[in-house]
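S.K.: Take this structure first; my questions come after.
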There are 4 protein chains.
Amino acid sequence: MIAVLRAGCTTRAKAEIVRFVEQAGLRVVVSENDGRCEVGVAGEGAEALAAALAALPEVEEVRPAGAPYRLVSREHRDEPTRVKVDGVVVGGRALAIIAGPCAVESREQLAALVPSLVASGARMLRGGAFKPRSSPYSFQGLGRAGLELLAEARAAYGVSVVTEVLGPEDVALVAEYADVLQVGARNMQNFRLLAAVGEQPRPVLLKRGMMATIEELLLAAEYIAAAGNPRIILCERGIRTFEPTTRNTLDVAAVPALKERTHLPVLVDPSHAAGRRELVPALAYAAVAAGADGLIVEVHPDPDRAMSDGRQSLTPEGFRAMMDVVRQVATAVGRTVEEAQPHAR
Amino acid sequence: MIAVLRAGCTTRAKAEIVRFVEQAGLRVVVSENDGRCEVGVAGEGAEALAAALAALPEVEEVRPAGAPYRLVSREHRDEPTRVKVDGVVVGGRALAIIAGPCAVESREQLAALVPSLVASGARMLRGGAFKPRSSPYSFQGLGRAGLELLAEARAAYGVSVVTEVLGPEDVALVAEYADVLQVGARNMQNFRLLAAVGEQPRPVLLKRGMMATIEELLLAAEYIAAAGNPRIILCERGIRTFEPTTRNTLDVAAVPALKERTHLPVLVDPSHAAGRRELVPALAYAAVAAGADGLIVEVHPDPDRAMSDGRQSLTPEGFRAMMDVVRQVATAVGRTVEEAQPHAR
Amino acid sequence: MIAVLRAGCTTRAKAEIVRFVEQAGLRVVVSENDGRCEVGVAGEGAEALAAALAALPEVEEVRPAGAPYRLVSREHRDEPTRVKVDGVVVGGRALAIIAGPCAVESREQLAALVPSLVASGARMLRGGAFKPRSSPYSFQGLGRAGLELLAEARAAYGVSVVTEVLGPEDVALVAEYADVLQVGARNMQNFRLLAAVGEQPRPVLLKRGMMATIEELLLAAEYIAAAGNPRIILCERGIRTFEPTTRNTLDVAAVPALKERTHLPVLVDPSHAAGRRELVPALAYAAVAAGADGLIVEVHPDPDRAMSDGRQSLTPEGFRAMMDVVRQVATAVGRTVEEAQPHAR
Amino acid sequence: MIAVLRAGCTTRAKAEIVRFVEQAGLRVVVSENDGRCEVGVAGEGAEALAAALAALPEVEEVRPAGAPYRLVSREHRDEPTRVKVDGVVVGGRALAIIAGPCAVESREQLAALVPSLVASGARMLRGGAFKPRSSPYSFQGLGRAGLELLAEARAAYGVSVVTEVLGPEDVALVAEYADVLQVGARNMQNFRLLAAVGEQPRPVLLKRGMMATIEELLLAAEYIAAAGNPRIILCERGIRTFEPTTRNTLDVAAVPALKERTHLPVLVDPSHAAGRRELVPALAYAAVAAGADGLIVEVHPDPDRAMSDGRQSLTPEGFRAMMDVVRQVATAVGRTVEEAQPHAR
């Protein structure tokens, strides 16, 4: 149980609160972060003291030490959150379609790809400039040069840009170029990064860790919301199981299960779940049928020569064919997909 | 590596084959089952001996010791298998819809339920007479009396009957009443039961074990096919993972992954995957969108008073509403759902 | 909730009980198995009726429908069960050491192996005559001929014999030859097999399913105990996880977790968990250190030429070296390993 | 495949290399990080170009794009690495015993705890000042004040200090107080943090992610080593599985499996794996028996009143009793535990 004290609480007042708790036979720990003073209370019977503590004039709030998500919960806000990204709304009746290469490789790559993505119905471009790779010797992305290419594509083709940020120190840089900051699966519990993207105003696409529970995903989103940023988009991208046939196991039930619990929009990434392009369309249809608010899909103009993840990237033609069926499935469940837009912004 | 000898092979011929293998520095084990003699060959370099062995006059076939599925593979048969169950075809363009209670409880239960299932589009009735329960103290089903109630419902409402068989010794009894014999998830690697259902002519609905790989499911199906029965229907019903929000995690990618590998039809059971009725429709839509050949769904006239699995059973009204959307999703992916039929057969 | 009626309960008495339950607004299902009549009661508020039902003269017992294990629990019996197998006690201070090949292959194989196992401290011989194999085309074991070879080895070398039984129809045959009947991991929830081994007097070695929780293992044991056989030995052998380095993940914590809950002895099979002989000794030491009552280990006189599981089989020399350290670890945790015995019985 | 160019490579030389690769029909991506220029080459047949590229004068090294760990591998260095921490050696014959509270709470807490840890054989103190918590509302640790308390305990009781660092921006601060920097399980693939701890000289205790494979753990260690810091200590702490009885499943086989692959020392954390103090000793014995180089254990003077993880914390008496057996098990497998030291440094 934690008692949060009012700003400007005196040392004397703190000492009295500590004494009050200790007299009840409980342990007490005082910590100060950013000028906010919190009094942790532990021990059998701590909860019984909650009302008395809350009644003290210096106490602003008393809450359970391990309280689950609140700001992102349905209890806190019942109507769905719509995250506006430039002209696109994520979480409305229309599905948000994000497509693009795993990694940004060159201007030519984007030129060969983005117009066809737009023509097929994508309004947002994904592409990694900073890549989290299991091995330090794998291609780590183009860095700032990649961000610049994304910004060029944004101007040239009228797409919004979604790209990953790997650490708190890059947040300002990435936010300068991107419309949406992506927090990747491996960083879902990088709490410093969550706080950092929570302290800036760009929308955040938060991917579920490959072994994170639905509750942990919501708590990670709560870190962002608690830091001040309510513009959060969740993304299911497959979890790790014993099954070797797919790269990960798409937990399609996470879509309705999340929507029971949170007002935030939920996307699905069928590419990382499948791990092979042959399976991507079926997973995309399943995701839309299950109620996802959109898709984030890897597409590459020449997948066999991609720097990373070529095996799971669709070709532009494959993406177009898939989108034709996605539109049908969306209609079947009462959703729409935005029509293609003219290229110039 | 196993060399299968021709029927009627003499003891002397066998001895010569054994000597031949041993001279090559390999181990040999001779076993006879049902009059068929097999010579197992093991040791480094065994594969190099394969051609020489196959050339011996007494050797009918040489195959790898751990050969994967063959009869059920796409390589063996490229066009989809259609399993006919009475008037219904499983594996055709029309989806097979199987619905009914977890356990058969009474004539009244079925009377209150089955007509509405048929009206909503189900053509096959599921219902357990023999129930596999984790605890010996849980309700184990009505047994033969349950089978009789199912057969009555079959006659009264014109539905085919799918019900589970728990052991080889029950196969004849269950086959007397049922149109389709179900092998449950816990028995997916009960090899004696697989052989027994393979030796009789009724179609078999084989459910994936909750921790079985896709390859193991296909090998289990191969046991049935190898015993002589090609009328096999596979069923994905969720696998066991770390995620506690759902009873199991529906591996929706198993649908396209199975269809890449096998010509057998693939159903999905959204009820056992979800574990809660609220999530069942979303999983059913996802399954159909991903290419499933049908659904098997738990429905109960009064779920809160069900003897088992009430929490995951739809009401008849819930099933009807779900089927309305299932029809839309089926159309979106080029499939159909049979219209409701008149009740009398 | 289930009300078990007294033997000889009249039809009229049953009807009254049914009426009594229905008047309370609850559902009722009557089933009869082996002359025992059980009345299942379901619906909200069923538990509130328990006391009233138990007070009826015709009701012998009222219990929850999904009651967990009882006979195998610490609550039922606090002191450890010692299962006597011939001269060996499983569950006492001395560890039970079971060793042998994955599959029985020939008289020569056993002759080359068993004396050295005994010399190293094993008192029980394992070896499969009926092998459960994922593929129908893999070596399925020698069958009855394998049992005869095991019985010969028993007579010749003074070891007890542990071997697997695959189906209820084989129980009588296997029990004729074996001292301990093994139920394999894939059959842990083959409830008909559990009942069958529970109805005969030989001790049963029950292996944990690779997908089964500790609670499910105990419930499977309860099936055996409830059928009348209290001589049950549990065995942890690794569970299925995402980690590919080992064949399975040895859940070494299952040893103390089981011992908290049950009075039954707990063995560990390090061979199937490891999947590679290099890792077997470390897992064996870990198991003994964690409190296991013994080990079941695969050893083969010539592992590279084994018909199955050669990769995880120790050589006799490897087994001897491992047992030297096992003795030290056993002493460290207050246990002993029986000294080697003379070969003749 | 990546070609690393020599420092000072001219723009003209780069352009020629790019042309060379493109003429071979392959894709090329040039990236510059910290003045180091890397040329990524992708497409079918890329590997065939490796030798020709390596022969170019401007190319320093050619390596596979996804090369696994090298510096931390047995191939790179065959003899075990011994990490010296003050007077203690981690990875030698003597086990390293690290003990302490989950979170540093107060001077009194440490005073009540540390002398008894030392008396029981611990030479290193663990304790969190910055705590990674799933919920933003859980106790986050005392921060810098906690570090100061740890440093005080270090001076007062002669223990080395191990404490967690949550982000790159804290590395300098934590390194000022701690002897060993811990990277927690949730941050195992926080690649920016790995690089940051790799660029400073303090030893690093790297915990396996609860979802990470053994190979991923080694690759994470490679990030640290590649950044310049070879003083790495690995730690197995349980992985996430379907089993609910324990908080995580201790993968005890990871100890020998890691030692096959790497020269780095491997510790085990039995506390986080068990999740309940009753199971901690058995897991500690298992870890030592399996070959672990030491233990990191949570101990609290009053676990029921701990601010976090009290359920899995041993009492000082429990720790002492456990260490008595740990010593016996260590001896059984040829290891030792350092005797208790006098308190003053």
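Labels for the structure tokens follow display order: chains A, B, ..., residues from 1 in each chain, ligands from 1.
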Please provide as an MDAnalysis selection string all residues within 8 Å of Glu58 of chain A, with the sequence filter that same-chain residues fewer than 2 positions apart are discarded (counting only C-alpha atoms).
M.R.: chainID A and resid 5:6 9 13 56 60
S.K.: Mind dumping the selected residues with N, CA and C atoms as a compact mmCIF listing (two decimals), in the first residue's frame?
M.R.:
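Result file again_3.txt:
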# COMPACT_ATOMS: atom_id res chain seq x y z
N LEU A 5 1.89 11.63 -0.59
CA LEU A 5 1.69 12.84 0.22
C LEU A 5 1.50 14.06 -0.69
N ARG A 6 0.85 15.05 -0.15
CA ARG A 6 0.63 16.29 -0.91
C ARG A 6 1.96 16.99 -1.15
N CYS A 9 4.61 18.86 1.53
CA CYS A 9 4.44 18.25 2.85
C CYS A 9 5.72 18.46 3.67
N ALA A 13 5.60 16.61 9.20
CA ALA A 13 4.38 15.87 8.86
C ALA A 13 4.73 14.45 8.42
N LEU A 56 -5.82 11.46 6.78
CA LEU A 56 -4.83 12.43 7.26
C LEU A 56 -4.74 13.60 6.27
N GLU A 60 -2.53 12.64 0.06
CA GLU A 60 -3.31 12.96 -1.12
C GLU A 60 -4.11 11.76 -1.61
S.K.: Give me, as a tab-separated table, the closest atom pair and its distance (Å, one decimal) for every residue of chain A within a cut-off of 12 Å of chain C, counting only C-alpha atoms, rows sorted by chain and rising number.
M.R.:
residue	atom	partner	partner_atom	distance
A:Met210	CA	C:Phe242	CA	11.0
A:Met211	CA	C:Phe242	CA	10.0
A:Ile239	CA	C:Phe242	CA	10.2
A:Arg240	CA	C:Phe242	CA	6.5
A:Thr241	CA	C:Phe242	CA	5.2
A:Phe242	CA	C:Phe242	CA	4.6
A:Glu243	CA	C:Phe242	CA	7.8
A:Pro244	CA	C:Phe242	CA	8.7
A:Arg247	CA	C:Phe242	CA	11.1
A:Asn248	CA	C:Phe242	CA	10.1
A:Thr249	CA	C:Phe242	CA	11.2
S.K.: Give me, please, the distance in Å between atom CA of Val59 of chain A and atom CA of Ala46 of chain A, quoted to one decimal.
M.R.: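 If I compute the distance from atom CA of Val59 of chain A to atom CA of Ala46 of chain A, I get 15.7 Å.
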S.K.: Enter the distance from atom CA of Val180 of chain A to atom CA of Lys84 of chain A, in Å, rounded to one decimal.
M.R.: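 Going from atom CA of Val180 of chain A over to atom CA of Lys84 of chain A, I get 10.1 Å.
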S.K.: Which residues, written as number ranges by chain, have at least one atom at most 9 Å from Pro168 of chain A, with only C-alpha atoms counted and residues fewer than 2 positions away on the same chain left out?
M.R.: A: 165-166, 170-172, 192-197; D: 167-169
S.K.: Do a neighbour search on Ala254 of chain A at 9 Å with only C-alpha atoms, toss out local chain neighbours closer than 2 positions, and write the hits as an mmCIF file with N, CA, C and O atoms, in the first residue's frame.
M.R.:
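Printed below is around02.cif as written:
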data_model
loop_
_atom_site.group_PDB
_atom_site.id
_atom_site.type_symbol
_atom_site.label_atom_id
_atom_site.label_comp_id
_atom_site.auth_asym_id
_atom_site.auth_seq_id
_atom_site.Cartn_x
_atom_site.Cartn_y
_atom_site.Cartn_z
ATOM 1 N N ILE A 214 -1.482 -10.548 -21.217
ATOM 2 C CA ILE A 214 -2.346 -9.433 -21.575
ATOM 3 C C ILE A 214 -2.348 -8.392 -20.465
ATOM 4 O O ILE A 214 -2.320 -7.184 -20.712
ATOM 5 N N GLU A 236 -0.923 -6.720 -30.912
ATOM 6 C CA GLU A 236 -0.630 -8.155 -30.717
ATOM 7 C C GLU A 236 0.204 -8.604 -31.904
ATOM 8 O O GLU A 236 -0.141 -8.344 -33.060
ATOM 9 N N LEU A 250 0.203 -16.508 -33.116
ATOM 10 C CA LEU A 250 -0.686 -15.343 -33.022
ATOM 11 C C LEU A 250 -1.771 -15.642 -32.001
ATOM 12 O O LEU A 250 -2.534 -16.601 -32.151
ATOM 13 N N ASP A 251 -1.845 -14.825 -30.963
ATOM 14 C CA ASP A 251 -2.883 -15.005 -29.937
ATOM 15 C C ASP A 251 -4.071 -14.145 -30.349
ATOM 16 O O ASP A 251 -4.269 -13.043 -29.836
ATOM 17 N N VAL A 252 -4.853 -14.689 -31.273
ATOM 18 C CA VAL A 252 -5.920 -13.871 -31.849
ATOM 19 C C VAL A 252 -6.980 -13.536 -30.804
ATOM 20 O O VAL A 252 -7.659 -12.514 -30.881
ATOM 21 N N PRO A 256 -10.182 -9.683 -28.730
ATOM 22 C CA PRO A 256 -11.389 -9.442 -27.920
ATOM 23 C C PRO A 256 -11.084 -9.345 -26.432
ATOM 24 O O PRO A 256 -11.760 -8.597 -25.712
ATOM 25 N N ALA A 257 -10.077 -10.070 -25.952
ATOM 26 C CA ALA A 257 -9.772 -10.017 -24.517
ATOM 27 C C ALA A 257 -9.273 -8.630 -24.132
ATOM 28 O O ALA A 257 -9.627 -8.101 -23.067
ATOM 29 N N LEU A 258 -8.470 -8.010 -24.980
ATOM 30 C CA LEU A 258 -8.025 -6.646 -24.697
ATOM 31 C C LEU A 258 -9.200 -5.679 -24.753
ATOM 32 O O LEU A 258 -9.331 -4.787 -23.905
ATOM 33 N N LYS A 259 -10.058 -5.867 -25.721
ATOM 34 C CA LYS A 259 -11.158 -4.923 -25.878
ATOM 35 C C LYS A 259 -12.166 -5.013 -24.731
ATOM 36 O O LYS A 259 -12.863 -4.031 -24.442
ATOM 37 N N THR B 245 -5.458 -15.518 -19.506
ATOM 38 C CA THR B 245 -6.746 -14.858 -19.757
ATOM 39 C C THR B 245 -7.749 -15.786 -20.432
ATOM 40 O O THR B 245 -8.951 -15.701 -20.194
ATOM 41 N N THR B 246 -7.242 -16.663 -21.298
ATOM 42 C CA THR B 246 -8.109 -17.623 -21.961
ATOM 43 C C THR B 246 -7.774 -19.027 -21.453
ATOM 44 O O THR B 246 -6.680 -19.270 -20.950
ATOM 45 N N THR B 249 -4.872 -21.116 -25.784
ATOM 46 C CA THR B 249 -4.582 -20.096 -26.796
ATOM 47 C C THR B 249 -4.921 -20.691 -28.157
ATOM 48 O O THR B 249 -4.284 -21.650 -28.594
#
S.K.: Please, what distance in Å, to one decimal, runs between atom CA of Glu199 of chain C and atom CA of Ala221 of chain C?
M.R.: 12.8 Å
S.K.: Taking the chain letters and numbering used in this document, name the residues of segment 146-256 of chain A that DSSP puts in alpha helix (DSSP H), as a PyMOL selection string.
M.R.: chain A and resi 146-157+171-177+191-198+214-226+254-256
S.K.: Give me every strand (DSSP E or B) residue in segment 8-248 of chain C, going by DSSP on the backbone, as a ChimeraX atom specification.
M.R.: /C:27-33,36-42,59-63,73,83-85,88-90,94-100,103,124-126,128,160-164,180-183,204-207,232-236,239
S.K.: If we count only C-alpha atoms and set the cut-off at 10 Å, which residues sit around Met188 of chain A, ignoring sequence neighbours fewer than 4 positions away in its own chain? Please answer as a ChimeraX atom specification.
M.R.: /A:183-184,193-194,206-210,212,216-217,219-221 /D:186-187,190
S.K.: Could you write out that same residue set with N, CA and C atoms as a PDB file, in the first residue's frame?
M.R.:
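Result saved to result.pdb:
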ATOM      1  N   VAL A 183       7.193   1.150 -29.756  1.00  0.00           N
ATOM      2  CA  VAL A 183       7.983   0.449 -28.738  1.00  0.00           C
ATOM      3  C   VAL A 183       7.879  -1.030 -29.077  1.00  0.00           C
ATOM      4  N   GLY A 184       9.004  -1.661 -29.342  1.00  0.00           N
ATOM      5  CA  GLY A 184       9.008  -3.035 -29.826  1.00  0.00           C
ATOM      6  C   GLY A 184       8.768  -4.054 -28.736  1.00  0.00           C
ATOM      7  N   LEU A 193      12.015   3.496 -21.025  1.00  0.00           N
ATOM      8  CA  LEU A 193      11.568   3.886 -22.363  1.00  0.00           C
ATOM      9  C   LEU A 193      10.065   4.192 -22.358  1.00  0.00           C
ATOM     10  N   LEU A 194       9.311   3.389 -21.621  1.00  0.00           N
ATOM     11  CA  LEU A 194       7.871   3.643 -21.523  1.00  0.00           C
ATOM     12  C   LEU A 194       7.613   5.029 -20.942  1.00  0.00           C
ATOM     13  N   LEU A 206       2.495   0.340 -29.075  1.00  0.00           N
ATOM     14  CA  LEU A 206       3.146  -0.517 -28.083  1.00  0.00           C
ATOM     15  C   LEU A 206       2.902  -1.977 -28.442  1.00  0.00           C
ATOM     16  N   LYS A 207       3.965  -2.676 -28.782  1.00  0.00           N
ATOM     17  CA  LYS A 207       3.805  -4.084 -29.158  1.00  0.00           C
ATOM     18  C   LYS A 207       3.905  -4.985 -27.930  1.00  0.00           C
ATOM     19  N   ARG A 208       3.085  -6.016 -27.933  1.00  0.00           N
ATOM     20  CA  ARG A 208       3.099  -6.975 -26.831  1.00  0.00           C
ATOM     21  C   ARG A 208       4.395  -7.775 -26.867  1.00  0.00           C
ATOM     22  N   GLY A 209       5.020  -7.933 -25.726  1.00  0.00           N
ATOM     23  CA  GLY A 209       6.194  -8.791 -25.615  1.00  0.00           C
ATOM     24  C   GLY A 209       5.839 -10.203 -25.988  1.00  0.00           C
ATOM     25  N   MET A 210       6.819 -10.937 -26.514  1.00  0.00           N
ATOM     26  CA  MET A 210       6.480 -12.256 -27.046  1.00  0.00           C
ATOM     27  C   MET A 210       6.216 -13.262 -25.925  1.00  0.00           C
ATOM     28  N   ALA A 212       4.723 -11.870 -22.889  1.00  0.00           N
ATOM     29  CA  ALA A 212       4.026 -11.028 -21.921  1.00  0.00           C
ATOM     30  C   ALA A 212       2.554 -11.391 -21.884  1.00  0.00           C
ATOM     31  N   GLU A 216       0.125  -7.774 -18.392  1.00  0.00           N
ATOM     32  CA  GLU A 216       1.397  -7.048 -18.418  1.00  0.00           C
ATOM     33  C   GLU A 216       1.436  -6.014 -19.551  1.00  0.00           C
ATOM     34  N   LEU A 217       0.818  -6.352 -20.678  1.00  0.00           N
ATOM     35  CA  LEU A 217       0.749  -5.381 -21.773  1.00  0.00           C
ATOM     36  C   LEU A 217      -0.028  -4.139 -21.326  1.00  0.00           C
ATOM     37  N   LEU A 219      -0.424  -3.084 -18.276  1.00  0.00           N
ATOM     38  CA  LEU A 219       0.365  -2.352 -17.283  1.00  0.00           C
ATOM     39  C   LEU A 219       1.471  -1.543 -17.956  1.00  0.00           C
ATOM     40  N   ALA A 220       2.032  -2.087 -19.032  1.00  0.00           N
ATOM     41  CA  ALA A 220       3.048  -1.321 -19.762  1.00  0.00           C
ATOM     42  C   ALA A 220       2.413  -0.086 -20.382  1.00  0.00           C
ATOM     43  N   ALA A 221       1.203  -0.254 -20.920  1.00  0.00           N
ATOM     44  CA  ALA A 221       0.488   0.904 -21.463  1.00  0.00           C
ATOM     45  C   ALA A 221       0.185   1.911 -20.355  1.00  0.00           C
TER      46      ALA A 221
ATOM     47  N   ARG D 186      13.827  -8.505 -17.453  1.00  0.00           N
ATOM     48  CA  ARG D 186      12.980  -7.754 -18.394  1.00  0.00           C
ATOM     49  C   ARG D 186      13.803  -6.886 -19.352  1.00  0.00           C
ATOM     50  N   ASN D 187      15.048  -6.629 -18.989  1.00  0.00           N
ATOM     51  CA  ASN D 187      15.910  -5.798 -19.816  1.00  0.00           C
ATOM     52  C   ASN D 187      16.948  -6.610 -20.578  1.00  0.00           C
ATOM     53  N   ASN D 190      17.278  -5.242 -23.854  1.00  0.00           N
ATOM     54  CA  ASN D 190      17.344  -3.782 -23.945  1.00  0.00           C
ATOM     55  C   ASN D 190      18.749  -3.486 -24.458  1.00  0.00           C
TER      56      ASN D 190
END
S.K.: Excluding Val159 of chain B and residues on its chain fewer than 6 positions from it, collect all residues at most 7 Å away from it, counting only C-alpha atoms, and give them as JSON, numbers by chain.
M.R.: {"B": [123, 124, 125]}
S.K.: Hey, can you spit out that residue selection with C-alpha atoms as a compact mmCIF listing (two decimals), in the first residue's frame?
M.R.:
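The result, stored in selection39.txt:
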# COMPACT_ATOMS: atom_id res chain seq x y z
CA ARG B 123 -26.31 -29.87 -39.37
CA MET B 124 -24.40 -31.94 -36.86
CA LEU B 125 -24.91 -32.40 -33.13
S.K.: Give me the residues within 9 Å of segment 293-295 of chain D as a short mmCIF file (atom, residue, chain, number, x, y, z; two decimals) with N, CA, C and O atoms, in the first residue's frame, counting only C-alpha atoms and dropping any in the same chain fewer than 3 places off.
M.R.:
data_model
loop_
_atom_site.label_atom_id
_atom_site.label_comp_id
_atom_site.auth_asym_id
_atom_site.auth_seq_id
_atom_site.Cartn_x
_atom_site.Cartn_y
_atom_site.Cartn_z
N VAL D 90 34.27 -15.02 -9.03
CA VAL D 90 33.07 -15.72 -9.52
C VAL D 90 33.51 -16.58 -10.70
O VAL D 90 34.06 -16.05 -11.67
N GLY D 91 33.28 -17.87 -10.59
CA GLY D 91 33.68 -18.76 -11.68
C GLY D 91 34.86 -19.66 -11.32
O GLY D 91 35.32 -20.42 -12.15
N GLY D 92 35.29 -19.58 -10.09
CA GLY D 92 36.36 -20.46 -9.63
C GLY D 92 35.77 -21.69 -8.95
O GLY D 92 34.59 -21.98 -9.07
N ARG D 93 36.60 -22.39 -8.21
CA ARG D 93 36.12 -23.61 -7.54
C ARG D 93 35.13 -23.26 -6.43
O ARG D 93 34.18 -23.99 -6.18
N ALA D 94 35.37 -22.13 -5.78
CA ALA D 94 34.47 -21.71 -4.70
C ALA D 94 33.21 -21.08 -5.30
O ALA D 94 33.28 -20.30 -6.25
N LEU D 95 32.07 -21.42 -4.73
CA LEU D 95 30.81 -20.83 -5.21
C LEU D 95 30.70 -19.38 -4.75
O LEU D 95 31.10 -19.03 -3.64
N ALA D 96 30.11 -18.56 -5.61
CA ALA D 96 29.81 -17.17 -5.23
C ALA D 96 28.41 -17.14 -4.65
O ALA D 96 27.46 -17.58 -5.30
N ILE D 97 28.31 -16.64 -3.43
CA ILE D 97 26.99 -16.58 -2.77
C ILE D 97 26.60 -15.12 -2.59
O ILE D 97 27.25 -14.36 -1.88
N ILE D 98 25.54 -14.74 -3.26
CA ILE D 98 25.02 -13.37 -3.19
C ILE D 98 23.66 -13.45 -2.50
O ILE D 98 22.82 -14.26 -2.88
N ALA D 99 23.47 -12.63 -1.49
CA ALA D 99 22.19 -12.67 -0.77
C ALA D 99 21.79 -11.27 -0.36
O ALA D 99 22.63 -10.37 -0.28
N CYS D 235 23.09 -15.48 -15.37
CA CYS D 235 22.22 -15.95 -14.29
C CYS D 235 20.91 -16.51 -14.82
O CYS D 235 20.13 -15.79 -15.45
N PRO D 265 30.96 -17.48 -16.25
CA PRO D 265 30.35 -18.13 -15.08
C PRO D 265 28.82 -18.03 -15.12
O PRO D 265 28.26 -17.09 -15.69
N VAL D 266 28.17 -19.00 -14.50
CA VAL D 266 26.70 -19.10 -14.51
C VAL D 266 26.18 -19.22 -13.08
O VAL D 266 26.50 -20.20 -12.39
N LEU D 267 25.41 -18.27 -12.65
CA LEU D 267 24.75 -18.35 -11.35
C LEU D 267 23.30 -18.78 -11.53
O LEU D 267 22.77 -18.78 -12.64
N VAL D 268 22.67 -19.10 -10.40
CA VAL D 268 21.23 -19.41 -10.41
C VAL D 268 20.54 -18.59 -9.33
O VAL D 268 21.07 -18.44 -8.23
N ASP D 269 19.38 -18.06 -9.65
CA ASP D 269 18.54 -17.34 -8.70
C ASP D 269 17.35 -18.25 -8.39
O ASP D 269 16.40 -18.32 -9.16
N PRO D 270 17.40 -18.97 -7.27
CA PRO D 270 16.29 -19.89 -6.98
C PRO D 270 15.05 -19.15 -6.47
O PRO D 270 13.95 -19.70 -6.50
N ALA D 284 17.95 -24.35 -4.81
CA ALA D 284 19.36 -23.98 -4.62
C ALA D 284 20.24 -25.22 -4.64
O ALA D 284 21.30 -25.23 -5.28
N ALA D 287 20.56 -26.45 -8.18
CA ALA D 287 21.43 -25.59 -9.00
C ALA D 287 22.90 -25.91 -8.76
O ALA D 287 23.69 -26.06 -9.69
N VAL D 288 23.26 -26.03 -7.49
CA VAL D 288 24.66 -26.33 -7.17
C VAL D 288 25.03 -27.71 -7.69
O VAL D 288 26.10 -27.91 -8.28
N ARG D 335 33.00 -28.76 -5.42
CA ARG D 335 33.09 -27.31 -5.24
C ARG D 335 33.20 -26.98 -3.76
O ARG D 335 33.03 -27.86 -2.90
N VAL D 337 32.33 -23.71 -0.63
CA VAL D 337 31.70 -22.44 -0.31
C VAL D 337 32.63 -21.74 0.68
O VAL D 337 33.06 -22.36 1.66
#
